[in-house]
Amino acid sequence: MAENGTYFSVNIGDLPVAANVCQQELREVWRDNEDQVSIAHVRMESGADSLLHEHRVMTEVYHGLEGTGELIVGEEVILFRSGTVVEIPPLVPHKLTNTGEGNLVHMVHAIPAFDPEDVYPLEELPQQDTTDEEFIYGLQVDNV
């Protein structure tokens, strides 16, 4: 990661993958110093889906880069693919499913910056092998 007074540069592949319950490879790319905005790069394999959830404070903006999926936003189902941009305000349930044969790649911009305390699952968490107090991106869990 290169950072100086005029620009920021990073290779996404060099960033660590954050553990999460949403069947996705998620890397936080950038977060401003005042926690007003964060950006995550997300890759989902074919057939994977995120957990139906909402946020009470955070707005998310999804930006499709590659692949095809269905994004549930409230009561609507949106075709999500390269070039699609969707703003998801607080208190709106949402879930993304990769319906394509390849990877579904997108960026998630969180405003204010992502806070795991502001993730409210609206369906049961999948069973995972974890240890006590393991951090899963978006959730602090005890023996999920």
# chains A, B, ... in the order shown; residues from 1 in each chain; ligands from 1
$ residues_around --residues "stretch 50-62 of chain A" --least-positions-apart "4" --cutoff "9 Å" --atoms "only C-alpha atoms" --output "ChimeraX atom specification"
/A:21-24,44,72,84-97,106-115,118-126
$ residues_around --residues "A:Glu70" --least-positions-apart "4" --cutoff "8 Å" --atoms "only C-alpha atoms" --output "mmCIF file with C-alpha atoms, in the first residue's frame"
data_model
loop_
_atom_site.group_PDB
_atom_site.id
_atom_site.type_symbol
_atom_site.label_atom_id
_atom_site.label_comp_id
_atom_site.auth_asym_id
_atom_site.auth_seq_id
_atom_site.Cartn_x
_atom_site.Cartn_y
_atom_site.Cartn_z
ATOM 1 C CA VAL A 77 -35.398 -7.416 -7.057
ATOM 2 C CA ILE A 78 -32.817 -5.640 -9.196
ATOM 3 C CA LEU A 79 -30.701 -7.180 -11.959
ATOM 4 C CA PHE A 80 -27.175 -6.500 -10.701
ATOM 5 C CA LEU A 96 -27.206 -10.109 -3.105
ATOM 6 C CA THR A 97 -27.143 -13.459 -4.937
ATOM 7 C CA ASN A 98 -24.712 -14.429 -7.693
ATOM 8 C CA THR A 99 -26.973 -15.918 -10.387
#
$ atom_distance --atom1 "atom CA of A:Glu28" --atom2 "atom CA of A:Leu104"
16.7 Å
$ select_by_dssp --residues "chain A" --states "strand (DSSP E)" --output "ChimeraX atom specification"
/A:2-3,8-9,25-31,38-44,53-54,59-66,68-73,76-81,85-88,94-98,104-111,120-121,135-136,139-140
$ write_last_selection --atoms "C-alpha atoms" --output "PDB file, in the first residue's frame"
ATOM      1  CA  ALA A   2       1.445   3.331  -1.019  1.00  0.00           C
ATOM      2  CA  GLU A   3       0.235   6.498   0.599  1.00  0.00           C
ATOM      3  CA  PHE A   8      -3.336   6.534  -2.173  1.00  0.00           C
ATOM      4  CA  SER A   9      -2.601   3.381  -4.147  1.00  0.00           C
ATOM      5  CA  GLU A  25     -14.248 -12.807  -0.532  1.00  0.00           C
ATOM      6  CA  LEU A  26     -14.298  -9.356   1.026  1.00  0.00           C
ATOM      7  CA  ARG A  27     -11.391  -6.934   1.350  1.00  0.00           C
ATOM      8  CA  GLU A  28     -11.622  -3.488   2.888  1.00  0.00           C
ATOM      9  CA  VAL A  29      -9.806  -1.278   0.395  1.00  0.00           C
ATOM     10  CA  TRP A  30      -9.985   2.158   1.969  1.00  0.00           C
ATOM     11  CA  ARG A  31     -11.345   4.036   4.981  1.00  0.00           C
ATOM     12  CA  SER A  38     -15.142   3.107   3.625  1.00  0.00           C
ATOM     13  CA  ILE A  39     -14.823   1.042   0.456  1.00  0.00           C
ATOM     14  CA  ALA A  40     -14.780  -2.754   0.209  1.00  0.00           C
ATOM     15  CA  HIS A  41     -14.042  -4.986  -2.794  1.00  0.00           C
ATOM     16  CA  VAL A  42     -16.231  -8.099  -2.852  1.00  0.00           C
ATOM     17  CA  ARG A  43     -16.009 -11.267  -4.959  1.00  0.00           C
ATOM     18  CA  MET A  44     -18.768 -13.895  -4.817  1.00  0.00           C
ATOM     19  CA  HIS A  53     -29.652  -7.806   6.548  1.00  0.00           C
ATOM     20  CA  GLU A  54     -30.117  -4.104   7.147  1.00  0.00           C
ATOM     21  CA  THR A  59     -25.974   3.865   3.740  1.00  0.00           C
ATOM     22  CA  GLU A  60     -24.339   1.484   1.273  1.00  0.00           C
ATOM     23  CA  VAL A  61     -23.700   2.048  -2.411  1.00  0.00           C
ATOM     24  CA  TYR A  62     -23.141  -1.138  -4.433  1.00  0.00           C
ATOM     25  CA  HIS A  63     -21.249  -0.785  -7.720  1.00  0.00           C
ATOM     26  CA  GLY A  64     -21.197  -3.831 -10.013  1.00  0.00           C
ATOM     27  CA  LEU A  65     -17.885  -4.564 -11.757  1.00  0.00           C
ATOM     28  CA  GLU A  66     -18.207  -8.083 -13.179  1.00  0.00           C
ATOM     29  CA  THR A  68     -24.506 -11.085 -12.897  1.00  0.00           C
ATOM     30  CA  GLY A  69     -26.704 -11.307  -9.843  1.00  0.00           C
ATOM     31  CA  GLU A  70     -29.980 -10.377  -8.209  1.00  0.00           C
ATOM     32  CA  LEU A  71     -30.012  -7.715  -5.529  1.00  0.00           C
ATOM     33  CA  ILE A  72     -33.016  -7.675  -3.220  1.00  0.00           C
ATOM     34  CA  VAL A  73     -33.544  -4.125  -1.938  1.00  0.00           C
ATOM     35  CA  GLU A  76     -37.684  -5.019  -5.198  1.00  0.00           C
ATOM     36  CA  VAL A  77     -35.398  -7.416  -7.057  1.00  0.00           C
ATOM     37  CA  ILE A  78     -32.817  -5.640  -9.196  1.00  0.00           C
ATOM     38  CA  LEU A  79     -30.701  -7.180 -11.959  1.00  0.00           C
ATOM     39  CA  PHE A  80     -27.175  -6.500 -10.701  1.00  0.00           C
ATOM     40  CA  ARG A  81     -24.266  -6.572 -13.153  1.00  0.00           C
ATOM     41  CA  VAL A  85     -25.003   1.271  -9.066  1.00  0.00           C
ATOM     42  CA  VAL A  86     -27.542   0.969  -6.245  1.00  0.00           C
ATOM     43  CA  GLU A  87     -27.853   3.163  -3.145  1.00  0.00           C
ATOM     44  CA  ILE A  88     -29.257   1.298  -0.132  1.00  0.00           C
ATOM     45  CA  HIS A  94     -30.977  -6.189   1.244  1.00  0.00           C
ATOM     46  CA  LYS A  95     -29.383  -9.373  -0.058  1.00  0.00           C
ATOM     47  CA  LEU A  96     -27.206 -10.109  -3.105  1.00  0.00           C
ATOM     48  CA  THR A  97     -27.143 -13.459  -4.937  1.00  0.00           C
ATOM     49  CA  ASN A  98     -24.712 -14.429  -7.693  1.00  0.00           C
ATOM     50  CA  LEU A 104     -19.796 -11.579  -9.189  1.00  0.00           C
ATOM     51  CA  VAL A 105     -17.438  -8.714  -8.330  1.00  0.00           C
ATOM     52  CA  HIS A 106     -18.535  -5.409  -6.858  1.00  0.00           C
ATOM     53  CA  MET A 107     -17.477  -2.520  -4.647  1.00  0.00           C
ATOM     54  CA  VAL A 108     -19.408  -1.462  -1.562  1.00  0.00           C
ATOM     55  CA  HIS A 109     -19.094   2.149  -0.405  1.00  0.00           C
ATOM     56  CA  ALA A 110     -20.289   2.594   3.183  1.00  0.00           C
ATOM     57  CA  ILE A 111     -21.363   5.998   4.508  1.00  0.00           C
ATOM     58  CA  TYR A 120     -28.668  -6.511  11.692  1.00  0.00           C
ATOM     59  CA  PRO A 121     -29.250  -9.983  10.186  1.00  0.00           C
ATOM     60  CA  PHE A 135     -14.757 -11.518  14.221  1.00  0.00           C
ATOM     61  CA  ILE A 136     -16.835 -12.201  11.134  1.00  0.00           C
ATOM     62  CA  LEU A 139     -20.719  -9.327  13.134  1.00  0.00           C
ATOM     63  CA  GLN A 140     -19.000 -10.064  16.439  1.00  0.00           C
TER      64      GLN A 140
END
$ atom_distance --atom1 "atom CA of A:Ala18" --atom2 "atom CA of A:Gly74"
26.1 Å
$ atom_distance --atom1 "atom CA of A:Pro116" --atom2 "atom CA of A:Ser82"
27.0 Å
